[in-house]
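S.K.: Submitted below is the structure of interest, expressed as structure tokens.
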Amino acid sequence: MDIFELAAEVPKKTGSVWEDHIPIARNGREIDAYIMAEIVNPIEYNELCHLLRNATSKEVIRLHINTPGGRLDSATMIIDAIAASDAYVIGVLSGSVASAGTMIALACDELECSSYLEFMIHYFSGGTGGKGNEIKAHSNFIDKHMPMVFKKMYVGFLTNKEIEDMIEGKDIWLNGDEVLERFEAAKLGVYDDEK
């Protein structure tokens with residue numbers, strides 16, 4: 001038998017059609033997915049979003065989140081998939097959860113927080129380019145669109161004043177206990193806006 005015949009007998013690797021940016025582990029009806037890096041291009045989250053959108057009500061998906069944040073378009077894609085999911089989605093927060101990561105966390109049905117959690121909310125950063133009229137049109141759109149997005153993401157979790165302060169440039173830092181307290185109150189619709 002020559003080398004070519006041997007090579008033909010080696011089984012081909014059968015891998016996933018998805019990239020492995022978000023490791024996913026399944027144990028029966030329990031699924032763990034790990035968002036452990038900067039949130040990057042939407043294409044990296046196709047498998048996670050497919051999983052969320054096609055999960056059944058008998059499944060529990062734990063999103064382990066420890067991220068500095070990143071792209072808003074990717075985060076909102078994940079948030080939309082969580083909202084469309086029939087599964088019960090638990091955000092397991094540890095380390096540092098910041099920026100777009102906080103939005104994903106707050107979209108979950110339940111949160112579990114590490115004792116050492118750092119949770120940081122801030123207004124978006126970004127840029128634009130192109131011809132002058134395109135920059136102006138995009139800037140005008142952002143001025144109207146982004147405050148609406150951020151208010152919708154954090155309503156009930158942050159006070160109205162905190163949301164306005166954040167839009168004006170203030171960073172908001174919370175520990176795990178504060179996150180859980182606010183999250184539960186927001187889910188119940190009883191968060192004190194005067195706090």
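We label chains A, B, ... in the order they appear in the structure tokens, count residues from 1 in each chain, and number ligands from 1 in the order shown.
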Quick one: contact table of stretch 48-148 of chain A to stretch 22-38 of chain A, 6 Å max, nearest atom pair and distance in Å to one decimal per residue, counting only C-alpha atoms, chain and number order, as a tab-separated table?
M.R.:
```
residue	atom	partner	partner_atom	distance
A:Glu59	CA	A:Arg29	CA	4.7
A:Val60	CA	A:Glu30	CA	5.0
A:Ile61	CA	A:Ile31	CA	4.7
A:Arg62	CA	A:Asp32	CA	4.8
A:Leu63	CA	A:Ala33	CA	5.0
A:His64	CA	A:Tyr34	CA	4.7
A:Ile65	CA	A:Ile35	CA	4.9
A:Asn66	CA	A:Met36	CA	4.9
A:Thr67	CA	A:Ala37	CA	5.1
A:Pro68	CA	A:Glu38	CA	5.7
A:Gly69	CA	A:Glu38	CA	5.5
A:Gly70	CA	A:Glu38	CA	5.5
```
S.K.: DSSP on the backbone, then: every residue of stretch 2-154 of chain A marked strand (DSSP E), written as a ChimeraX atom specification.
M.R.: /A:24-27,30-35,60-67,88-98,110-113,118-121
S.K.: Provide the atom CA of A:Phe150 to atom CA of A:Ser57 distance in Å, to one decimal place.
M.R.: 29.0 Å
S.K.: Fewer than 6 positions away in the same chain doesn't count, so skip those; otherwise give me all residues within 7 Å of stretch 94-107 of chain A, counting only C-alpha atoms, as a list in words.
M.R.: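 Skipping anything fewer than 6 positions along the chain leaves Ile65, Asn66, Thr67, Pro68, Gly69, Gly70, Arg71, Leu72, Ala75, Ile78, Ile79, Ile82, Cys113, Ser114, Tyr116, Leu117, Glu118, Phe119, Met120, Ile121, His122 and Met153 of chain A.
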S.K.: DSSP on the backbone, then: every residue of stretch 67-135 of chain A marked alpha helix (DSSP H), written as a VMD selection string.
M.R.: chain A and resid 72 to 84 100 to 106 132 to 135
S.K.: Export C-alpha atoms of the chosen residues as a PDB file, in the first residue's frame?
M.R.:
```
ATOM      1  CA  LEU A  72     -23.548  47.060  19.060  1.00  0.00           C
ATOM      2  CA  ASP A  73     -24.849  45.420  15.871  1.00  0.00           C
ATOM      3  CA  SER A  74     -23.583  42.034  17.064  1.00  0.00           C
ATOM      4  CA  ALA A  75     -24.966  42.580  20.570  1.00  0.00           C
ATOM      5  CA  THR A  76     -28.424  43.511  19.268  1.00  0.00           C
ATOM      6  CA  MET A  77     -28.396  40.434  17.015  1.00  0.00           C
ATOM      7  CA  ILE A  78     -27.797  38.267  20.103  1.00  0.00           C
ATOM      8  CA  ILE A  79     -30.414  40.193  22.100  1.00  0.00           C
ATOM      9  CA  ASP A  80     -32.998  39.651  19.342  1.00  0.00           C
ATOM     10  CA  ALA A  81     -32.177  35.917  19.327  1.00  0.00           C
ATOM     11  CA  ILE A  82     -32.606  35.737  23.118  1.00  0.00           C
ATOM     12  CA  ALA A  83     -35.987  37.478  22.820  1.00  0.00           C
ATOM     13  CA  ALA A  84     -37.058  35.002  20.125  1.00  0.00           C
ATOM     14  CA  ALA A 100     -22.458  45.753  24.901  1.00  0.00           C
ATOM     15  CA  GLY A 101     -21.976  42.787  27.256  1.00  0.00           C
ATOM     16  CA  THR A 102     -24.269  44.461  29.794  1.00  0.00           C
ATOM     17  CA  MET A 103     -27.003  44.758  27.179  1.00  0.00           C
ATOM     18  CA  ILE A 104     -26.792  41.054  26.374  1.00  0.00           C
ATOM     19  CA  ALA A 105     -26.853  40.194  30.078  1.00  0.00           C
ATOM     20  CA  LEU A 106     -29.965  42.264  30.728  1.00  0.00           C
ATOM     21  CA  GLY A 132     -19.610  65.131   3.842  1.00  0.00           C
ATOM     22  CA  ASN A 133     -23.321  64.670   3.201  1.00  0.00           C
ATOM     23  CA  GLU A 134     -23.076  60.992   4.221  1.00  0.00           C
ATOM     24  CA  ILE A 135     -21.286  61.864   7.456  1.00  0.00           C
TER      25      ILE A 135
END
```
S.K.: Work out how far atom CA of A:Asp171 is from atom CA of A:Ser139, in Å to one decimal.
M.R.: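 Atom CA of A:Asp171 lies at a distance of 22.2 Å from atom CA of A:Ser139.
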S.K.: Which residue out of A:Asp109, A:Val149, A:Asp86, A:Asn140 has the minimum interatomic distance to A:Tyr123 when only C-alpha atoms are used?
M.R.: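 The closest residue to A:Tyr123 is A:Val149.
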S.K.: Enter the distance from atom CA of A:Glu44 to atom CA of A:Ala87, in Å, rounded to one decimal.
M.R.: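 Interatomic distance here is 21.0 Å.
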S.K.: Could you list, as a list of chain:residue names, every residue within 10 Å of A:His50, counting only C-alpha atoms and ignoring same-chain residues fewer than 4 positions away?
M.R.: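 In the requested format, the answer is A:Tyr45, A:Asn46, A:Asn54, A:Ala55, A:Ile78, A:Ala81, A:Ser85.
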S.K.: Set the distance at 10 Å and use only C-alpha atoms: which residues neighbour A:Gly189 once local chain neighbours fewer than 5 positions away are removed? I'd like the list as a ChimeraX atom specification.
M.R.: /A:155-157,183-184
S.K.: Identify, on the basis of only C-alpha atoms, every residue whose closest approach to A:Arg182 does not exceed 9 Å; exclude the query and any residue fewer than 4 positions from it along the same chain; express the result as a PDB file with N, CA, C and O atoms, in the first residue's frame.
M.R.:
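Final output, saved to selection.pdb:
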```
ATOM      1  N   GLY A 156     -35.767  50.749  33.553  1.00  0.00           N
ATOM      2  CA  GLY A 156     -36.101  49.928  34.706  1.00  0.00           C
ATOM      3  C   GLY A 156     -34.883  49.454  35.471  1.00  0.00           C
ATOM      4  O   GLY A 156     -34.934  49.287  36.679  1.00  0.00           O
ATOM      5  N   PHE A 157     -33.779  49.216  34.758  1.00  0.00           N
ATOM      6  CA  PHE A 157     -32.538  48.788  35.414  1.00  0.00           C
ATOM      7  C   PHE A 157     -31.777  50.009  35.922  1.00  0.00           C
ATOM      8  O   PHE A 157     -31.237  49.997  37.025  1.00  0.00           O
ATOM      9  N   LEU A 158     -31.716  51.041  35.107  1.00  0.00           N
ATOM     10  CA  LEU A 158     -31.147  52.333  35.518  1.00  0.00           C
ATOM     11  C   LEU A 158     -32.289  53.313  35.728  1.00  0.00           C
ATOM     12  O   LEU A 158     -33.346  53.194  35.121  1.00  0.00           O
ATOM     13  N   ASP A 177     -23.911  42.171  43.444  1.00  0.00           N
ATOM     14  CA  ASP A 177     -25.112  42.320  44.271  1.00  0.00           C
ATOM     15  C   ASP A 177     -26.011  43.427  43.751  1.00  0.00           C
ATOM     16  O   ASP A 177     -27.244  43.280  43.715  1.00  0.00           O
ATOM     17  N   GLU A 178     -25.399  44.547  43.351  1.00  0.00           N
ATOM     18  CA  GLU A 178     -26.185  45.667  42.814  1.00  0.00           C
ATOM     19  C   GLU A 178     -26.872  45.272  41.507  1.00  0.00           C
ATOM     20  O   GLU A 178     -28.029  45.631  41.269  1.00  0.00           O
ATOM     21  N   ALA A 186     -36.251  45.310  38.197  1.00  0.00           N
ATOM     22  CA  ALA A 186     -36.675  45.673  36.836  1.00  0.00           C
ATOM     23  C   ALA A 186     -37.615  44.620  36.267  1.00  0.00           C
ATOM     24  O   ALA A 186     -38.619  44.955  35.626  1.00  0.00           O
ATOM     25  N   LYS A 187     -37.312  43.334  36.508  1.00  0.00           N
ATOM     26  CA  LYS A 187     -38.183  42.253  36.022  1.00  0.00           C
ATOM     27  C   LYS A 187     -39.568  42.328  36.654  1.00  0.00           C
ATOM     28  O   LYS A 187     -40.562  42.008  36.030  1.00  0.00           O
ATOM     29  N   TYR A 191     -38.594  48.882  40.240  1.00  0.00           N
ATOM     30  CA  TYR A 191     -37.360  49.627  40.529  1.00  0.00           C
ATOM     31  C   TYR A 191     -37.683  51.069  40.880  1.00  0.00           C
ATOM     32  O   TYR A 191     -38.491  51.728  40.224  1.00  0.00           O
TER      33      TYR A 191
END
```
